[in-house]
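To start, the structure under review is shown below, and the notes come after it.
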Amino acid sequence: MTKYKVTITNRDNVEYEVDAKRPILDELRNQGVDLPYGCKYGGCITCAAKLTSGDVDQKRQVALNNWQLDNGYVILCVARAKSDITLEIGTESHYKLYRNPFLEPLKSYQLKADIASKEDI
Amino acid sequence: MNKVCCGPGYASPIEAINAPREKLLYTIAIYTGTGIQKPDYLATVDVDPDSPTYSQVIHRLEMPGIGDELHHMGWNACSSCHDDSSMSRKYLILPGVRSNNLHIVDTATDPKAPRLYKVIEGAEIKSKADLSGPHTVHCLGSEIIISFLGNAKGEAPGGYLQLDKEFNIIGRWENSMGGIKFGYDFWYQPRHNVMVSSEWAAPNTFMPGFDLEEVGHLKYGRELHFWDFEKREPVESFYLGEDGLVPLEVKFHHNPDSTHGFCGAALSTNVIHWWKNSDGKWQWEKIIDIENEMHPEWPIPLPGVMSAILVSMDDKYLYLNNWLHGDMRQYDISDPHNPVLTGQVYMGGLLGKSPKVNGVEVAGGPQMFQLSLDGKRLYVTTSLFSTWDNQFYPDIREKGGVMLQIDCDPENGGMKVNPNFMINFGKEPNGPSRCHEARYPGGDCTSDIWL
Ligand code: FES
C-alpha cells in the first residue's frame with residue numbers, strides 16, 4: 001500500500017499520511033481534520049483546497065475550470081495523492097477560486113475542460 | 001381557525017387575503033461555503049410588531065450535518081387539501097442542495113421552536129431514484145413532489161422525486177422528461193391539467209459557480225416546458241432564446257381558473273408571460289425587459305439577474321428583484337400583457353445606489369422574498385447561493401445576509417423600506433450566516449395551489 005505525506009500549511013504545517021488509492025478528503029477526515037464537503041463526487045466545489053506542491057490525480061473532478069486548475073486548486077473528495085503534497089485547506093484557501101465573471105471574464109482556454117479551446121495553452 | 005370540517009390553508013385566494021396577519025416566519029440560514037464549519041439552520045423570525053422580540057431571530061433549528069446548503073423549502077400540505085380534514089400543514093421540507101438530504105421539520109407542535117421529524121438521506125434518494133440537487137417542493141393532494149436538477153452524478157436534466165405523506169420515497173414522479181435538457185422550478189394549475197417547468201443548469205455546472213461563457217456553450221437553460229399534468233409528461237416546449245436566458249422562477253396566477261403565468265429569466269432579466277388563447281393554444285411573450293447597466297469600472301454591462309418573482313395573492317402585482325443592480329420592483333399586472341411599474345426600492349447591489357439600509361451595510365442584493373397574504377409586507381433576503389455570493393459579493397463572508405421588510409401599498413401601488421425591521425444575520429451567535437427563502441406557518445404567496 002503506497003502512502004504519501006500531506007502537509008497542511010495553514011494548520012501549523014501538521015503532517016498526515018494518506019493512502020494513494022483513497023480520496024484525500026476521506027483520508028484527512030478519518031484522521032480528524034475538519035474539512036468542508038458537499039456532493040462527494042467532485043461536482044460542487046465545496047471541498048476545494050489549494051495544492052502548493054506535489055501531484056494529485058483528480059481526473060474525476062468536474063467542478064473546476066482551467067483557470068482554477070491553473071491556480072492550483074484540487075477537489076479533495078475525488079483527488080488521490082501521487083506524491084508527498086502540501087495543501088492550504090478551507091475557505092481561507094479560496095482567494096483565487098472565485099471571480100466575478102463580469103469583472104474578469106474567462107478566456108476560452110480557461111473554461112472547463114469539456115468546452116475549453118486548445119489555443120494559447 | 002381550525003374548524004373540524006377543514007383541512008389546511010384556505011378555501012380560496014380571497015379567504016387567504018383575509019386571513020390573520022403573520023406573526024412568525026421561517027427562513028433558512030446557511031454556513032455552507034462561508035468558512036464556518038457549522039450546520040445550516042432554520043431560523044424562526046418574530047414579525048409581530050407587538051411582541052417584545054419583534055425583528056429578532058427567536059429560535060434556530062440546526063440540521064444534523066454540515067454542508068447541506070439549505071435553499072428552498074415547501075409544505076407537506078397546502079390549500080389544495082383544504083377540504084380534507086385528515087390533512088394538516090404540519091411539516092416543512094428543507095432540501096439540502098449539496099448534500100441531497102431532505103429534512104422534514106415539524107412546525108406545528110411548537111411553531112416558535114420547530115423540531116426535526118425525519119431525514120431522508122441523500123444516498124437513499126440517489127440509489128432509489130438516481131437524483132441529486134433538490135430544489136422546489138410542492139404538495140399534490142396527499143403526496144409531495146420535488147424537482148431535482150441532476151442525476152446521482154450531478155448531470156442534467158434530473159427529474160422529480162415523489163414522496164408519500166409519511167415521507168417514504170415512492171420513486172420518480174414523471175413518466176418521461178421528454179427532450180427537456182435542464183430542470184429547476186415548477187408550478188401547476190390543476191383546472192387546466194398543466195404544469196410549467198423551467199431550466200437552470202446541471203448541478204455540476206451551477207454548484208461550483210457562474211461563468212458567463214458557459215451560457216454561450218448551452219450549459220444553462222433557455223426553455224420553458226408545458227406538461228400534461230395527469231399524464232406526467234412534457235407536451236410542449238417554448239424556446240425563449242436570448243429573451244429567456246436562464247429561466248428560473250415560475251408562477252401561475254393564484255386564481256385557479258386563470259391560465260396566465262409568469263417566469264423570470266434571470267440572466268436576460270426579463271419577465272416572460274404565458275397564457276392560453278381562445279383557440280386553446282399556449283402563447284408566450286416578453287412583458288418586462290430590464291436593461292443592463294454599465295458599472296463604471298467593468299468591461300461587461302451588468303445584467304440585473306432576476307433570480308425570483310412573486311405574484312400577490314390577489315394577482316394584481318408582480319414583484320421582482322435585480323440581484324446585481326440592487327433593486328426590488330413592483331409592477332401592476334392587472335393587464336398581464338401590459339405591466340406598469342408602480343414601485344421600486346434599492347438595497348445593496350453592485351451599483352452602489354443604497355449600500356446601507358436601516359443603519360446596516362448590505363452585502364449582496366435583494367434576492368428571495370415572501371409577501372404577506374394581504375399584500376402589504378414583503379420580506380426580502382440578500383444571499384443567492386453560496387458559491388455565487390462568493391463570486392459577486394465576497395464581503396458577504398464577513399457581513400452575512402440581512403432580512404428587510406418592504407411596506408407595499410396594495411391599493412395604489414408603491415413600496416418603501418420599513419425603518420423598524422432589520423434582521424442582521426451578520427450578528428448570529430456562530431458568526432455571519434446567510435438567509436434565503438422565507439415561509440409563514442399558515443401558508444404564503446408562493447406555496448398554495450387551489451384545485
Ligand atoms: S464535495 Fe462536492 S466537489 Fe467535493
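Each chain in the C-alpha cells gets a letter, A, B, ..., in the order shown, and its residues are numbered from 1; ligands are numbered from 1 in order too.
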**OP:** Taking only C-alpha atoms into account, report as a PyMOL selection string which residues of chain A lie within 8 Å of chain B.
**Re:** chain A and resi 34-39+41+43-46+62-64+90-92+98-103+105-106+108+111+115
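Backbone DSSP of region 25-76 of chain A yields alpha helix (DSSP H) at A:Leu25, A:Asp26, A:Glu27, A:Leu28, A:Arg29, A:Asn30, A:Asn66, A:Trp67, A:Gln68, A:Leu69, A:Asp70.
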Subject >> Residue nearest ligand 1 among A:Leu28, A:Met1, A:Leu76, A:Ala113 (counting only C-alpha atoms and all ligand atoms) >> reply: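 Answer, going by the shortest atom-to-atom distance: A:Leu76.
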Subject >> Residues near Tyr91 (chain B), cut-off 8 Å, only C-alpha atoms, skip fewer than 4 positions along chain, as an MDAnalysis selection string >> reply: chainID B and resid 75:77 104:108
Written file, previous selection with all heavy atoms, as a JSON list (two decimals), in the first residue's frame:
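What ended up in again.json:
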```
[["chain", "number", "residue", "atom", "x", "y", "z"],
["B", 75, "TRP", "N", -44.13, 22.99, 1.91],
["B", 75, "TRP", "CA", -45.01, 22.38, 2.90],
["B", 75, "TRP", "C", -45.45, 20.98, 2.49],
["B", 75, "TRP", "O", -45.55, 20.67, 1.31],
["B", 75, "TRP", "CB", -46.26, 23.24, 3.11],
["B", 75, "TRP", "CG", -45.94, 24.58, 3.71],
["B", 75, "TRP", "CD1", -45.93, 25.78, 3.07],
["B", 75, "TRP", "CD2", -45.58, 24.83, 5.07],
["B", 75, "TRP", "NE1", -45.58, 26.78, 3.95],
["B", 75, "TRP", "CE2", -45.37, 26.22, 5.19],
["B", 75, "TRP", "CE3", -45.42, 24.02, 6.20],
["B", 75, "TRP", "CZ2", -45.00, 26.82, 6.39],
["B", 75, "TRP", "CZ3", -45.06, 24.62, 7.39],
["B", 75, "TRP", "CH2", -44.85, 26.00, 7.47],
["B", 76, "ASN", "N", -45.79, 20.18, 3.50],
["B", 76, "ASN", "CA", -46.35, 18.85, 3.22],
["B", 76, "ASN", "C", -47.78, 18.94, 2.70],
["B", 76, "ASN", "O", -48.28, 18.00, 2.08],
["B", 76, "ASN", "CB", -46.33, 17.99, 4.48],
["B", 76, "ASN", "CG", -47.33, 18.45, 5.53],
["B", 76, "ASN", "OD1", -47.35, 19.62, 5.90],
["B", 76, "ASN", "ND2", -48.17, 17.54, 6.00],
["B", 77, "ALA", "N", -48.47, 20.03, 2.99],
["B", 77, "ALA", "CA", -49.87, 20.18, 2.56],
["B", 77, "ALA", "C", -50.15, 21.66, 2.39],
["B", 77, "ALA", "O", -49.54, 22.50, 3.06],
["B", 77, "ALA", "CB", -50.82, 19.58, 3.60],
["B", 104, "ILE", "N", -37.22, 16.87, 7.15],
["B", 104, "ILE", "CA", -38.64, 17.07, 7.40],
["B", 104, "ILE", "C", -38.77, 17.66, 8.80],
["B", 104, "ILE", "O", -38.36, 17.04, 9.79],
["B", 104, "ILE", "CB", -39.42, 15.73, 7.35],
["B", 104, "ILE", "CG1", -38.95, 14.85, 6.18],
["B", 104, "ILE", "CG2", -40.93, 15.99, 7.33],
["B", 104, "ILE", "CD1", -39.23, 15.36, 4.81],
["B", 105, "VAL", "N", -39.31, 18.89, 8.86],
["B", 105, "VAL", "CA", -39.34, 19.63, 10.12],
["B", 105, "VAL", "C", -40.79, 19.83, 10.56],
["B", 105, "VAL", "O", -41.62, 20.29, 9.78],
["B", 105, "VAL", "CB", -38.62, 20.99, 9.94],
["B", 105, "VAL", "CG1", -38.81, 21.87, 11.16],
["B", 105, "VAL", "CG2", -37.14, 20.76, 9.67],
["B", 106, "ASP", "N", -41.06, 19.47, 11.80],
["B", 106, "ASP", "CA", -42.39, 19.66, 12.39],
["B", 106, "ASP", "C", -42.48, 21.09, 12.91],
["B", 106, "ASP", "O", -41.78, 21.47, 13.85],
["B", 106, "ASP", "CB", -42.54, 18.63, 13.53],
["B", 106, "ASP", "CG", -43.74, 18.92, 14.42],
["B", 106, "ASP", "OD1", -44.52, 19.84, 14.12],
["B", 106, "ASP", "OD2", -43.89, 18.20, 15.43],
["B", 107, "THR", "N", -43.35, 21.90, 12.28],
["B", 107, "THR", "CA", -43.50, 23.29, 12.70],
["B", 107, "THR", "C", -44.80, 23.49, 13.48],
["B", 107, "THR", "O", -45.10, 24.61, 13.89],
["B", 107, "THR", "CB", -43.55, 24.25, 11.50],
["B", 107, "THR", "OG1", -44.67, 23.91, 10.68],
["B", 107, "THR", "CG2", -42.28, 24.17, 10.67],
["B", 108, "ALA", "N", -45.59, 22.43, 13.64],
["B", 108, "ALA", "CA", -46.92, 22.59, 14.24],
["B", 108, "ALA", "C", -46.90, 22.38, 15.75],
["B", 108, "ALA", "O", -47.60, 23.08, 16.49],
["B", 108, "ALA", "CB", -47.91, 21.63, 13.60]]
```
Subject >> Nearby residues (only C-alpha atoms) at most 10 Å from Asp257 (chain B), same-chain spacing under 5 positions excluded, as a PyMOL selection string >> reply: chain B and resi 189-192+450-451
Subject >> Those in chain A with strand (DSSP E or B) from DSSP, as a VMD selection string >> reply: chain A and resid 3 to 8 14 to 19 48 to 53 56 to 57 73 to 75 80 to 81 85 to 88
For the selection just defined, write its residues with N, CA, C and O atoms to a file, as an mmCIF file, in the first residue's frame.
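Output (selection36.cif):
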```cif
data_model
loop_
_atom_site.group_PDB
_atom_site.id
_atom_site.type_symbol
_atom_site.label_atom_id
_atom_site.label_comp_id
_atom_site.auth_asym_id
_atom_site.auth_seq_id
_atom_site.Cartn_x
_atom_site.Cartn_y
_atom_site.Cartn_z
ATOM 1 N N LYS A 3 1.817 5.017 0.553
ATOM 2 C CA LYS A 3 1.364 6.128 1.406
ATOM 3 C C LYS A 3 2.166 7.377 1.046
ATOM 4 O O LYS A 3 3.347 7.281 0.702
ATOM 5 N N TYR A 4 1.509 8.505 1.136
ATOM 6 C CA TYR A 4 2.209 9.772 0.938
ATOM 7 C C TYR A 4 1.931 10.698 2.115
ATOM 8 O O TYR A 4 0.964 10.524 2.854
ATOM 9 N N LYS A 5 2.813 11.694 2.225
ATOM 10 C CA LYS A 5 2.693 12.648 3.323
ATOM 11 C C LYS A 5 1.949 13.910 2.837
ATOM 12 O O LYS A 5 2.256 14.438 1.761
ATOM 13 N N VAL A 6 0.971 14.347 3.627
ATOM 14 C CA VAL A 6 0.256 15.592 3.324
ATOM 15 C C VAL A 6 0.602 16.608 4.408
ATOM 16 O O VAL A 6 0.427 16.333 5.596
ATOM 17 N N THR A 7 1.110 17.770 3.995
ATOM 18 C CA THR A 7 1.404 18.836 4.954
ATOM 19 C C THR A 7 0.393 19.956 4.752
ATOM 20 O O THR A 7 0.176 20.402 3.617
ATOM 21 N N ILE A 8 -0.247 20.375 5.837
ATOM 22 C CA ILE A 8 -1.251 21.438 5.717
ATOM 23 C C ILE A 8 -0.639 22.730 6.236
ATOM 24 O O ILE A 8 -0.445 22.913 7.443
ATOM 25 N N VAL A 14 0.914 20.849 10.036
ATOM 26 C CA VAL A 14 0.691 19.476 10.524
ATOM 27 C C VAL A 14 0.807 18.507 9.362
ATOM 28 O O VAL A 14 0.471 18.821 8.223
ATOM 29 N N GLU A 15 1.290 17.293 9.688
ATOM 30 C CA GLU A 15 1.508 16.287 8.645
ATOM 31 C C GLU A 15 0.621 15.075 8.886
ATOM 32 O O GLU A 15 0.400 14.664 10.024
ATOM 33 N N TYR A 16 0.129 14.525 7.780
ATOM 34 C CA TYR A 16 -0.688 13.308 7.839
ATOM 35 C C TYR A 16 -0.186 12.366 6.760
ATOM 36 O O TYR A 16 0.382 12.792 5.764
ATOM 37 N N GLU A 17 -0.439 11.074 6.973
ATOM 38 C CA GLU A 17 -0.151 10.094 5.925
ATOM 39 C C GLU A 17 -1.454 9.717 5.251
ATOM 40 O O GLU A 17 -2.482 9.499 5.917
ATOM 41 N N VAL A 18 -1.445 9.647 3.914
ATOM 42 C CA VAL A 18 -2.660 9.238 3.206
ATOM 43 C C VAL A 18 -2.359 8.094 2.259
ATOM 44 O O VAL A 18 -1.258 7.986 1.704
ATOM 45 N N ASP A 19 -3.376 7.255 2.073
ATOM 46 C CA ASP A 19 -3.288 6.135 1.153
ATOM 47 C C ASP A 19 -3.427 6.666 -0.273
ATOM 48 O O ASP A 19 -4.376 7.400 -0.562
ATOM 49 N N ALA A 48 -12.931 22.218 -2.226
ATOM 50 C CA ALA A 48 -11.702 22.648 -2.911
ATOM 51 C C ALA A 48 -10.623 23.082 -1.919
ATOM 52 O O ALA A 48 -10.918 23.694 -0.888
ATOM 53 N N ALA A 49 -9.379 22.739 -2.243
ATOM 54 C CA ALA A 49 -8.218 23.181 -1.457
ATOM 55 C C ALA A 49 -7.137 23.600 -2.443
ATOM 56 O O ALA A 49 -7.227 23.293 -3.639
ATOM 57 N N LYS A 50 -6.105 24.285 -1.943
ATOM 58 C CA LYS A 50 -5.046 24.756 -2.834
ATOM 59 C C LYS A 50 -3.808 23.889 -2.653
ATOM 60 O O LYS A 50 -3.313 23.734 -1.530
ATOM 61 N N LEU A 51 -3.369 23.334 -3.753
ATOM 62 C CA LEU A 51 -2.176 22.476 -3.747
ATOM 63 C C LEU A 51 -0.968 23.371 -3.983
ATOM 64 O O LEU A 51 -0.894 24.045 -5.014
ATOM 65 N N THR A 52 -0.050 23.393 -3.023
ATOM 66 C CA THR A 52 1.097 24.288 -3.207
ATOM 67 C C THR A 52 2.365 23.550 -3.591
ATOM 68 O O THR A 52 3.318 24.155 -4.055
ATOM 69 N N SER A 53 2.388 22.205 -3.403
ATOM 70 C CA SER A 53 3.456 21.418 -4.032
ATOM 71 C C SER A 53 3.032 19.969 -4.114
ATOM 72 O O SER A 53 2.164 19.507 -3.376
ATOM 73 N N VAL A 56 -1.371 15.420 -7.641
ATOM 74 C CA VAL A 56 -2.538 14.584 -7.325
ATOM 75 C C VAL A 56 -3.170 14.102 -8.630
ATOM 76 O O VAL A 56 -2.963 14.697 -9.684
ATOM 77 N N ASP A 57 -3.945 13.026 -8.506
ATOM 78 C CA ASP A 57 -4.772 12.576 -9.617
ATOM 79 C C ASP A 57 -6.200 12.997 -9.296
ATOM 80 O O ASP A 57 -6.782 12.534 -8.318
ATOM 81 N N TYR A 73 -5.928 24.673 -7.671
ATOM 82 C CA TYR A 73 -6.991 24.089 -6.847
ATOM 83 C C TYR A 73 -7.171 22.601 -7.119
ATOM 84 O O TYR A 73 -6.986 22.132 -8.244
ATOM 85 N N VAL A 74 -7.512 21.908 -6.065
ATOM 86 C CA VAL A 74 -7.777 20.471 -6.159
ATOM 87 C C VAL A 74 -9.077 20.163 -5.426
ATOM 88 O O VAL A 74 -9.455 20.845 -4.468
ATOM 89 N N ILE A 75 -9.766 19.148 -5.925
ATOM 90 C CA ILE A 75 -11.056 18.745 -5.375
ATOM 91 C C ILE A 75 -10.804 17.515 -4.506
ATOM 92 O O ILE A 75 -10.629 16.396 -4.994
ATOM 93 N N ARG A 80 -6.591 11.929 -5.431
ATOM 94 C CA ARG A 80 -5.698 10.993 -4.743
ATOM 95 C C ARG A 80 -4.275 11.542 -4.851
ATOM 96 O O ARG A 80 -3.899 12.076 -5.902
ATOM 97 N N ALA A 81 -3.492 11.356 -3.789
ATOM 98 C CA ALA A 81 -2.117 11.852 -3.814
ATOM 99 C C ALA A 81 -1.270 10.974 -4.731
ATOM 100 O O ALA A 81 -1.404 9.754 -4.749
ATOM 101 N N ILE A 85 2.550 15.859 -0.704
ATOM 102 C CA ILE A 85 1.946 17.121 -1.150
ATOM 103 C C ILE A 85 1.829 18.114 0.006
ATOM 104 O O ILE A 85 1.827 17.715 1.171
ATOM 105 N N THR A 86 1.738 19.406 -0.361
ATOM 106 C CA THR A 86 1.370 20.406 0.642
ATOM 107 C C THR A 86 0.090 21.097 0.188
ATOM 108 O O THR A 86 -0.112 21.348 -1.002
ATOM 109 N N LEU A 87 -0.768 21.354 1.151
ATOM 110 C CA LEU A 87 -2.094 21.916 0.870
ATOM 111 C C LEU A 87 -2.367 23.113 1.770
ATOM 112 O O LEU A 87 -1.907 23.157 2.906
ATOM 113 N N GLU A 88 -3.162 24.065 1.227
ATOM 114 C CA GLU A 88 -3.875 25.021 2.080
ATOM 115 C C GLU A 88 -5.331 24.594 2.036
ATOM 116 O O GLU A 88 -5.853 24.343 0.948
#
```
**OP:** Would you mind telling me which residue in B:Asp130, B:Gly442, B:Lys286, B:Asn101 lies nearest to Ser88 (chain B) when using only C-alpha atoms?
**Re:** B:Gly442
Original post:
What gap, in Å, lies between CA of Gly54 (chain A) and CA of Lys118 (chain A)?
Top reply: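 According to the coordinates, CA of Gly54 (chain A) and CA of Lys118 (chain A) are separated by 25.0 Å.
You will find CA of Thr381 (chain B) at 8.5 Å from CA of Arg434 (chain B).
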**OP:** One decimal, Å: what's the distance from CA of Ile14 (chain B) over to CA of Ser372 (chain B), could you say?
**Re:**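 CA of Ile14 (chain B) sits 13.1 Å away from CA of Ser372 (chain B).
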**OP:** Do a neighbour search on Leu318 (chain B) at 6 Å with only C-alpha atoms, toss out local chain neighbours closer than 6 positions, and write the hits as a PyMOL selection string.
**Re:** chain B and resi 310-311+330-331
**OP:** Using only C-alpha atoms, find the one residue out of B:Met415, B:Leu61, B:Met313, B:Val402 that sits nearest to Leu373 (chain B).
**Re:**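 For Leu373 (chain B), the nearest of the candidates is B:Met313.
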